[in-house]
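Structure below is final-v4.txt: compact mmCIF, C-alpha atoms and all ligand atoms.
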# COMPACT_ATOMS: atom_id res chain seq x y z
CA MET A 1 78.08 93.80 52.78
CA ASN A 2 75.47 91.13 53.44
CA TRP A 3 72.44 93.03 54.73
CA ASN A 4 71.27 90.13 56.86
CA ASP A 5 74.47 90.37 58.93
CA GLU A 6 73.60 93.97 59.79
CA ILE A 7 70.26 93.29 61.47
CA THR A 8 70.34 94.28 65.14
CA THR A 9 68.47 92.30 67.80
CA GLY A 10 65.80 95.00 68.19
CA GLU A 11 65.28 95.15 64.47
CA HIS A 12 65.11 91.37 64.23
CA GLU A 13 62.39 91.39 66.87
CA ILE A 14 60.26 93.85 64.88
CA GLN A 15 60.70 91.91 61.68
CA GLN A 16 59.92 88.60 63.41
CA ALA A 17 56.82 90.07 65.01
CA LEU A 18 55.60 91.44 61.67
CA HIS A 19 56.22 88.04 60.09
CA ALA A 20 54.27 86.37 62.88
CA SER A 21 51.14 88.09 61.61
CA GLY A 22 51.42 85.99 58.43
CA ARG A 23 50.01 88.99 56.63
CA LEU A 24 52.92 90.96 55.25
CA PRO A 25 52.31 92.49 51.83
CA GLN A 26 54.00 90.83 48.89
CA HIS A 27 54.34 94.12 47.01
CA ILE A 28 54.80 97.64 48.43
CA ALA A 29 54.68 100.69 46.14
CA ILE A 30 55.88 104.08 47.40
CA ILE A 31 55.04 107.57 46.16
CA MET A 32 58.18 109.34 47.37
CA ASP A 33 56.92 112.86 47.93
CA GLY A 34 58.08 115.90 49.89
CA ASN A 35 61.76 116.13 48.93
CA GLY A 36 61.36 119.79 47.98
CA ARG A 37 59.45 120.67 51.15
CA TRP A 38 62.00 118.91 53.31
CA ALA A 39 64.81 120.88 51.63
CA GLN A 40 62.90 124.11 52.11
CA SER A 41 62.38 123.34 55.81
CA GLN A 42 66.19 122.99 56.13
CA SER A 43 66.85 126.14 54.04
CA LEU A 44 68.52 123.97 51.41
CA PRO A 45 68.12 123.87 47.61
CA ARG A 46 65.54 121.41 46.24
CA LEU A 47 68.23 119.10 44.94
CA ALA A 48 69.52 118.57 48.48
CA GLY A 49 66.08 117.14 49.25
CA HIS A 50 66.37 114.68 46.37
CA LYS A 51 69.90 113.75 47.53
CA GLN A 52 68.61 113.01 50.99
CA GLY A 53 65.77 111.09 49.32
CA VAL A 54 68.37 108.77 47.76
CA GLU A 55 69.67 108.01 51.28
CA THR A 56 66.11 107.07 52.26
CA VAL A 57 65.81 104.89 49.16
CA ARG A 58 68.99 103.02 50.18
CA ASP A 59 67.70 102.28 53.65
CA ILE A 60 64.12 101.44 52.67
CA VAL A 61 65.34 99.01 49.99
CA LYS A 62 67.57 97.35 52.58
CA ALA A 63 64.85 97.19 55.25
CA SER A 64 62.34 95.78 52.74
CA SER A 65 64.78 93.10 51.68
CA GLN A 66 65.64 92.24 55.30
CA THR A 67 61.94 91.99 56.15
CA GLY A 68 61.36 89.55 53.29
CA ILE A 69 59.20 91.81 51.09
CA LYS A 70 59.19 90.38 47.56
CA TYR A 71 58.45 93.50 45.46
CA LEU A 72 59.13 97.19 46.07
CA THR A 73 58.12 99.76 43.46
CA LEU A 74 59.42 103.30 43.82
CA TYR A 75 57.87 106.24 41.95
CA ALA A 76 61.17 107.97 41.22
CA PHE A 77 60.31 110.16 38.22
CA SER A 78 56.96 110.77 36.54
CA LEU A 79 56.30 111.71 32.94
CA GLU A 80 55.04 115.04 34.28
CA ASN A 81 58.36 115.60 36.09
CA TRP A 82 60.07 116.24 32.73
CA LYS A 83 58.33 119.64 32.79
CA ARG A 84 60.17 120.74 35.97
CA PRO A 85 62.96 123.32 35.64
CA GLN A 86 65.76 121.77 33.56
CA THR A 87 68.30 122.22 36.37
CA GLU A 88 66.16 120.02 38.64
CA VAL A 89 65.56 117.42 35.90
CA ARG A 90 69.30 117.27 35.17
CA GLY A 91 70.06 117.01 38.89
CA LEU A 92 67.62 114.12 39.30
CA MET A 93 69.09 112.29 36.30
CA LYS A 94 72.60 112.75 37.78
CA LEU A 95 71.40 111.29 41.07
CA LEU A 96 69.91 108.34 39.26
CA GLU A 97 73.13 107.82 37.33
CA HIS A 98 75.11 108.01 40.57
CA TYR A 99 72.74 105.56 42.30
CA LEU A 100 73.04 103.03 39.47
CA ASN A 101 76.81 103.42 39.36
CA LYS A 102 77.30 103.10 43.09
CA GLU A 103 74.60 100.75 44.34
CA VAL A 104 74.18 97.95 41.82
CA ASP A 105 77.09 95.89 43.19
CA GLU A 106 75.63 95.90 46.68
CA LEU A 107 72.10 95.27 45.42
CA HIS A 108 73.35 92.34 43.34
CA LYS A 109 75.31 90.88 46.29
CA ASN A 110 72.12 91.01 48.29
CA ASN A 111 70.12 89.10 45.69
CA VAL A 112 68.03 92.12 44.60
CA ARG A 113 66.56 91.98 41.10
CA ILE A 114 66.28 95.39 39.47
CA THR A 115 63.52 96.16 37.03
CA ALA A 116 61.91 99.32 35.69
CA ILE A 117 58.59 100.58 34.35
CA GLY A 118 57.80 103.67 32.31
CA LYS A 119 58.75 105.36 29.06
CA LEU A 120 62.37 104.39 29.50
CA ASN A 121 63.58 105.49 26.07
CA ALA A 122 62.96 109.09 27.16
CA LEU A 123 65.79 108.77 29.72
CA PRO A 124 69.24 110.19 28.90
CA LYS A 125 71.32 107.60 27.07
CA ASN A 126 73.86 107.13 29.88
CA VAL A 127 71.11 106.52 32.47
CA LEU A 128 69.31 104.09 30.16
CA THR A 129 72.53 102.17 29.46
CA LEU A 130 73.28 101.84 33.19
CA LEU A 131 69.70 100.85 33.91
CA GLN A 132 69.66 98.16 31.22
CA ALA A 133 73.00 96.81 32.47
CA ALA A 134 71.64 96.67 36.04
CA ILE A 135 68.47 94.91 34.89
CA GLU A 136 70.47 92.34 32.91
CA ARG A 137 73.03 91.76 35.63
CA THR A 138 70.46 91.14 38.35
CA ALA A 139 67.88 89.34 36.18
CA THR A 140 68.25 85.93 37.85
CA ASN A 141 68.27 87.16 41.46
CA ASP A 142 65.31 85.90 43.44
CA GLY A 143 65.28 88.08 46.55
CA LEU A 144 63.59 91.49 46.56
CA THR A 145 62.49 92.82 43.16
CA LEU A 146 63.17 96.55 43.11
CA CYS A 147 61.03 98.16 40.43
CA LEU A 148 61.95 101.75 39.53
CA ALA A 149 59.11 103.79 38.02
CA LEU A 150 60.99 106.18 35.74
CA SER A 151 59.48 108.55 33.21
CA TYR A 152 56.31 106.76 34.29
CA GLY A 153 52.67 107.70 33.99
CA ALA A 154 49.81 105.24 34.53
CA ARG A 155 47.61 106.71 31.79
CA TRP A 156 50.51 106.56 29.34
CA ASP A 157 50.99 102.89 30.26
CA ILE A 158 47.27 102.09 29.82
CA VAL A 159 47.14 103.81 26.41
CA ARG A 160 50.34 102.07 25.30
CA ALA A 161 48.95 98.69 26.42
CA THR A 162 45.74 99.36 24.49
CA GLN A 163 47.70 100.20 21.34
CA LEU A 164 49.74 96.98 21.62
CA LEU A 165 46.62 94.97 22.24
CA ALA A 166 44.84 96.57 19.26
CA LEU A 167 47.83 95.70 17.07
CA ASP A 168 47.59 92.06 18.17
CA VAL A 169 43.87 92.07 17.35
CA ARG A 170 44.61 93.52 13.92
CA ARG A 171 47.28 90.85 13.30
CA GLY A 172 44.77 88.15 14.24
CA LYS A 173 46.76 87.05 17.33
CA LEU A 174 43.88 87.86 19.67
CA SER A 175 40.15 88.23 19.25
CA PRO A 176 38.30 91.05 21.05
CA GLU A 177 36.23 88.44 22.95
CA ASP A 178 39.43 87.06 24.48
CA ILE A 179 40.36 90.35 26.13
CA THR A 180 40.15 89.84 29.89
CA GLU A 181 41.50 91.76 32.88
CA GLU A 182 44.38 89.27 33.01
CA SER A 183 45.25 89.50 29.32
CA PHE A 184 45.00 93.31 29.43
CA SER A 185 47.33 93.43 32.47
CA SER A 186 49.97 91.48 30.57
CA TYR A 187 50.32 94.36 28.08
CA LEU A 188 51.17 96.90 30.79
CA THR A 189 54.82 97.61 31.66
CA THR A 190 53.97 96.07 35.04
CA GLY A 191 52.77 92.89 33.29
CA SER A 192 55.28 90.57 34.93
CA ILE A 193 54.92 91.77 38.52
CA PRO A 194 51.98 91.24 40.88
CA ASP A 195 49.72 94.15 41.80
CA PRO A 196 50.78 96.19 44.83
CA ASP A 197 49.15 95.23 48.13
CA LEU A 198 50.17 98.42 49.91
CA VAL A 199 50.74 101.93 48.56
CA ILE A 200 52.60 104.33 50.84
CA ARG A 201 52.60 108.06 50.15
CA THR A 202 54.82 110.42 52.08
CA SER A 203 54.29 114.13 52.85
CA GLY A 204 50.58 113.91 53.61
CA GLU A 205 49.09 114.48 50.16
CA LEU A 206 45.88 112.53 49.56
CA ARG A 207 46.22 111.72 45.89
CA ILE A 208 47.54 109.04 43.54
CA SER A 209 49.29 111.29 40.98
CA ASN A 210 48.91 109.02 37.95
CA PHE A 211 50.67 106.10 39.68
CA LEU A 212 49.71 102.48 38.86
CA LEU A 213 46.04 103.38 38.33
CA TRP A 214 45.09 99.95 37.02
CA GLU A 215 47.25 97.93 39.41
CA ILE A 216 46.14 99.48 42.70
CA ALA A 217 42.46 98.60 42.30
CA TYR A 218 42.49 96.70 45.62
CA ALA A 219 45.64 98.04 47.26
CA GLU A 220 45.58 99.38 50.80
CA LEU A 221 46.62 103.02 51.06
CA TYR A 222 48.85 104.44 53.79
CA VAL A 223 49.67 108.15 53.98
CA THR A 224 52.25 109.54 56.37
CA GLN A 225 52.89 113.20 57.12
CA LYS A 226 56.65 112.63 57.00
CA ASN A 227 58.47 113.99 53.97
CA PHE A 228 60.32 111.29 52.05
CA PRO A 229 63.85 112.34 53.17
CA GLU A 230 62.82 111.82 56.80
CA PHE A 231 60.88 108.57 56.19
CA ALA A 232 62.82 106.04 58.26
CA ARG A 233 62.68 102.26 58.40
CA THR A 234 60.62 102.52 61.60
CA ASP A 235 58.03 104.44 59.55
CA LEU A 236 58.05 101.56 57.08
CA TYR A 237 57.43 99.13 59.95
CA GLU A 238 54.54 101.29 61.16
CA ALA A 239 53.02 101.19 57.67
CA LEU A 240 53.46 97.40 57.65
CA LEU A 241 51.87 97.13 61.08
CA SER A 242 48.90 99.16 59.86
CA TYR A 243 48.62 96.92 56.79
CA THR A 244 48.63 93.70 58.84
CA GLN A 245 45.69 95.00 60.85
CA ARG A 246 43.49 95.73 57.85
CA GLU A 247 40.83 93.43 56.54
CA ARG A 248 41.11 93.15 52.77
CA ARG A 249 37.68 92.22 51.53
CA PHE A 250 38.02 92.51 47.73
CA GLY A 251 34.32 93.41 47.55
CA LEU A 252 33.16 90.53 49.77
CA ILE A 253 31.73 90.72 53.29
CA SER A 254 33.68 89.76 56.42
CA SER A 255 31.93 86.44 57.02
CA GLN A 256 32.85 85.23 53.51
CA LEU A 257 36.55 85.62 54.20
CA ASP A 258 38.93 82.86 55.15
CA THR A 259 39.52 82.90 58.92
CA LYS A 260 43.24 83.46 58.18
CA ASN A 261 42.19 86.97 57.29
CA ASN A 262 40.88 87.73 60.74
CA ALA A 263 42.65 90.51 62.61
CA PRO A 264 45.91 89.42 64.25
CA GLN A 265 46.00 88.62 67.95
CA SER A 266 46.49 91.53 70.31
CA SER A 267 49.63 89.80 71.69
CA TYR A 268 51.12 90.13 68.21
CA LEU A 269 50.27 93.84 68.09
CA LYS A 270 51.76 94.35 71.53
CA ARG A 271 55.01 92.67 70.46
CA VAL A 272 55.41 94.86 67.38
CA VAL A 273 54.51 98.08 69.14
CA ASP A 274 56.84 97.22 72.06
CA ALA A 275 59.66 96.36 69.66
CA LEU A 276 59.08 99.58 67.73
CA THR A 277 58.99 101.80 70.79
CA ASN A 278 61.91 100.11 72.56
CA ARG A 279 64.36 100.75 69.76
C1 LIG B 301 58.90 114.16 44.88
O1 LIG B 301 59.26 115.19 45.75
C2 LIG B 301 60.07 113.40 44.50
C3 LIG B 301 60.55 113.29 43.23
C4 LIG B 301 59.93 113.97 42.08
C5 LIG B 301 61.77 112.52 42.93
C6 LIG B 301 62.04 111.35 43.80
C7 LIG B 301 63.44 110.95 43.60
C8 LIG B 301 64.27 110.48 44.55
C9 LIG B 301 63.87 110.19 45.93
C10 LIG B 301 65.72 110.25 44.24
C11 LIG B 301 66.04 109.38 43.08
C12 LIG B 301 65.55 108.00 43.21
C13 LIG B 301 66.29 106.87 43.09
C14 LIG B 301 65.58 105.59 42.94
C15 LIG B 301 67.75 106.84 43.14
P1 LIG B 301 58.95 116.69 45.31
O2 LIG B 301 60.18 117.21 44.66
O3 LIG B 301 57.73 116.74 44.46
O4 LIG B 301 58.70 117.37 46.69
P2 LIG B 301 57.75 118.61 46.99
O5 LIG B 301 56.34 118.19 46.65
O6 LIG B 301 57.93 118.84 48.46
O7 LIG B 301 58.24 119.74 46.14

In structure tokens, write the structure found in this file.
Amino acid sequence: MNWNDEITTGEHEIQQALHASGRLPQHIAIIMDGNGRWAQSQSLPRLAGHKQGVETVRDIVKASSQTGIKYLTLYAFSLENWKRPQTEVRGLMKLLEHYLNKEVDELHKNNVRITAIGKLNALPKNVLTLLQAAIERTATNDGLTLCLALSYGARWDIVRATQLLALDVRRGKLSPEDITEESFSSYLTTGSIPDPDLVIRTSGELRISNFLLWEIAYAELYVTQKNFPEFARTDLYEALLSYTQRERRFGLISSQLDTKNNAPQSSYLKRVVDALTNR
């Protein structure tokens, strides 16, 4: 199914209005939290929360692609998550396997490029094989880049990058004086994707949980009380609306910024809010 054929008029209006701001983020990163709490609130086992989370992933990937977002990074499994009860870890790996088996065709048809960051060789062999096949198959797509953070930890990535960089110094490929923020970034597993502009965290927790510590230096943060399984595309649009209204100063003062960065017109805000509330 071509996702662009599925967009309803109301939805189109929201997306158009958000585009009109000229300030959509290029890269959104999501800390998908609250699956367990959602399951508990429904008197269901934790795994049912993760299953419902996969449904949310499907729709948020689609909505991001339809809205013209270029990069979406999802924190799907942290290095620390390996220490969860083995039944939960196995369940999550099964869900991942199922997702990669079932969804790659549709993602590919919709021009999505799949990529992944993290300590991928720690994944079960069948998951890794499916992931590598998905990455290879979609490598030349130029729509949304969907980056799955799997077995990921930001400190692990920074230490690994430092080790690789030190090896290059030892081999004479690089001198310590040539180490810059840019060259350091290129050693991270995120080296080939731009830094996130917007980080969304669900379930109300006010922390970063070892996610993209280096890359989010200037990202805007958006926290919603909704648990991830109940995070709908309208919640994504609200996060985007909030983002378009922010002034990103990168350490400068307002008057030094390009006028393009001035807050959007109130007519624009009215259009988005009307479109969101009329759905
Ligand atoms: C955090 O909720 C969520 C996770 C550890 C896993 C997220 C995984 C998915 C949404 C499904 C798999 C993803 C893909 C890309 C197919 P939690 O369990 O920590 O919730 P809690 O804090 O309420 O217990």

> Given a cut-off of 9 Å, what residues near ligand LIG 301 (chain B) show up using only C-alpha atoms and all ligand atoms, put as a ChimeraX atom specification?
Replying inline: /A:31-40,46-47,49-58,74-78,81,88,92-93,95-100,148-150,203,205,227-229

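Computed from the coordinates, the CA of Ile60 (chain A) to CA of Asn110 (chain A) distance equals 13.9 Å.
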
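The shortest atom-to-atom distance to Leu240 (chain A), with all atoms listed in the file taken into account, belongs to A:Leu18 out of A:Leu165, A:Leu18, A:Ile30, A:Leu130.
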
> Which one is closest to Ala166 (chain A): A:Glu6, A:Gly251, A:Ile179, A:Leu269? Count only C-alpha atoms.
Replying inline: A:Ile179

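Neighbours of Ala63 (chain A) closer than or equal to 12 Å, with all atoms listed in the file counted and sequence neighbours fewer than 6 positions away skipped, come out as Trp3, Asn4, Glu6, Ile7, Thr8, Glu11, His12, Ile14, Gln15, Thr56, Val57, Ile69, Lys70, Leu72, Asn110, Leu144, Ala232, Arg233, Thr234, Asp235, Leu236, Tyr237 and Leu240 of chain A.
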
> Quick one: residues within 8 Å of His108 (chain A), all atoms listed in the file counted, chain neighbours fewer than 6 positions away excluded, as a ChimeraX atom specification?
Replying inline: /A:137-138,141

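With distances taken over all atoms listed in the file, A:Ala161 is the one residue among A:Leu206, A:Ala161, A:Val169, A:Ala134 lying closest to Ser185 (chain A).
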
> Rounded to one decimal in Å, what is the spacing between CA of Tyr71 (chain A) and CA of Pro25 (chain A)?
Replying inline: 8.9 Å

> Which of these residues is nearest to Arg155 (chain A), using all atoms listed in the file: A:Arg113, A:Lys102, A:His27, A:Lys119?
Replying inline: A:Lys119

>> Around (55.6, 89.3, 34.5), as given in the file, which residues come within 12 Å? Count all atoms listed in the file and list them as JSON, numbers by chain.
In response: {"A": [115, 116, 117, 145, 147, 182, 183, 185, 186, 187, 188, 189, 190, 191, 192, 193, 194, 195]}

Please, can region 125-144 of chain A be completed to N, CA, C and O atoms and returned as a short mmCIF file (atom, residue, chain, number, x, y, z; two decimals), in the frame of the given file?
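In the end it all went to result_38.cif:
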data_model
loop_
_atom_site.label_atom_id
_atom_site.label_comp_id
_atom_site.auth_asym_id
_atom_site.auth_seq_id
_atom_site.Cartn_x
_atom_site.Cartn_y
_atom_site.Cartn_z
N LYS A 125 70.72 108.85 27.53
CA LYS A 125 71.32 107.60 27.07
C LYS A 125 72.18 106.93 28.16
O LYS A 125 72.09 105.71 28.36
N ASN A 126 72.97 107.75 28.88
CA ASN A 126 73.86 107.13 29.88
C ASN A 126 73.07 106.47 31.01
O ASN A 126 73.44 105.41 31.51
N VAL A 127 71.94 107.09 31.40
CA VAL A 127 71.11 106.52 32.47
C VAL A 127 70.46 105.22 31.97
O VAL A 127 70.47 104.19 32.67
N LEU A 128 69.96 105.27 30.73
CA LEU A 128 69.31 104.09 30.16
C LEU A 128 70.29 102.92 30.05
O LEU A 128 69.96 101.77 30.38
N THR A 129 71.51 103.23 29.61
CA THR A 129 72.53 102.17 29.46
C THR A 129 72.83 101.53 30.82
O THR A 129 72.88 100.30 30.95
N LEU A 130 73.00 102.37 31.85
CA LEU A 130 73.28 101.84 33.19
C LEU A 130 72.11 101.02 33.71
O LEU A 130 72.28 99.97 34.32
N LEU A 131 70.91 101.53 33.44
CA LEU A 131 69.70 100.85 33.91
C LEU A 131 69.58 99.47 33.25
O LEU A 131 69.35 98.46 33.93
N GLN A 132 69.78 99.45 31.93
CA GLN A 132 69.66 98.16 31.22
C GLN A 132 70.72 97.17 31.71
O GLN A 132 70.44 95.99 31.88
N ALA A 133 71.92 97.69 31.97
CA ALA A 133 73.00 96.81 32.47
C ALA A 133 72.61 96.25 33.85
O ALA A 133 72.83 95.07 34.13
N ALA A 134 72.04 97.11 34.69
CA ALA A 134 71.64 96.67 36.04
C ALA A 134 70.53 95.62 35.97
O ALA A 134 70.54 94.63 36.70
N ILE A 135 69.59 95.85 35.05
CA ILE A 135 68.47 94.91 34.89
C ILE A 135 69.01 93.55 34.43
O ILE A 135 68.67 92.50 34.98
N GLU A 136 69.90 93.60 33.44
CA GLU A 136 70.47 92.34 32.91
C GLU A 136 71.29 91.61 33.96
O GLU A 136 71.15 90.41 34.15
N ARG A 137 72.12 92.38 34.66
CA ARG A 137 73.03 91.76 35.63
C ARG A 137 72.28 91.08 36.77
O ARG A 137 72.72 90.05 37.29
N THR A 138 71.16 91.66 37.16
CA THR A 138 70.46 91.14 38.35
C THR A 138 69.25 90.26 37.98
O THR A 138 68.48 89.86 38.86
N ALA A 139 69.11 89.98 36.68
CA ALA A 139 67.88 89.34 36.18
C ALA A 139 67.54 88.01 36.86
O ALA A 139 66.37 87.66 37.00
N THR A 140 68.57 87.25 37.30
CA THR A 140 68.25 85.93 37.85
C THR A 140 68.19 85.94 39.38
O THR A 140 68.01 84.89 40.00
N ASN A 141 68.37 87.10 39.99
CA ASN A 141 68.27 87.16 41.46
C ASN A 141 66.83 86.90 41.88
O ASN A 141 65.88 87.27 41.19
N ASP A 142 66.68 86.24 43.04
CA ASP A 142 65.31 85.90 43.44
C ASP A 142 64.94 86.41 44.84
O ASP A 142 64.06 85.89 45.50
N GLY A 143 65.67 87.44 45.29
CA GLY A 143 65.28 88.08 46.55
C GLY A 143 64.26 89.17 46.25
O GLY A 143 63.33 88.97 45.47
N LEU A 144 64.49 90.35 46.82
CA LEU A 144 63.59 91.49 46.56
C LEU A 144 63.66 91.91 45.09
O LEU A 144 64.75 92.01 44.53
#
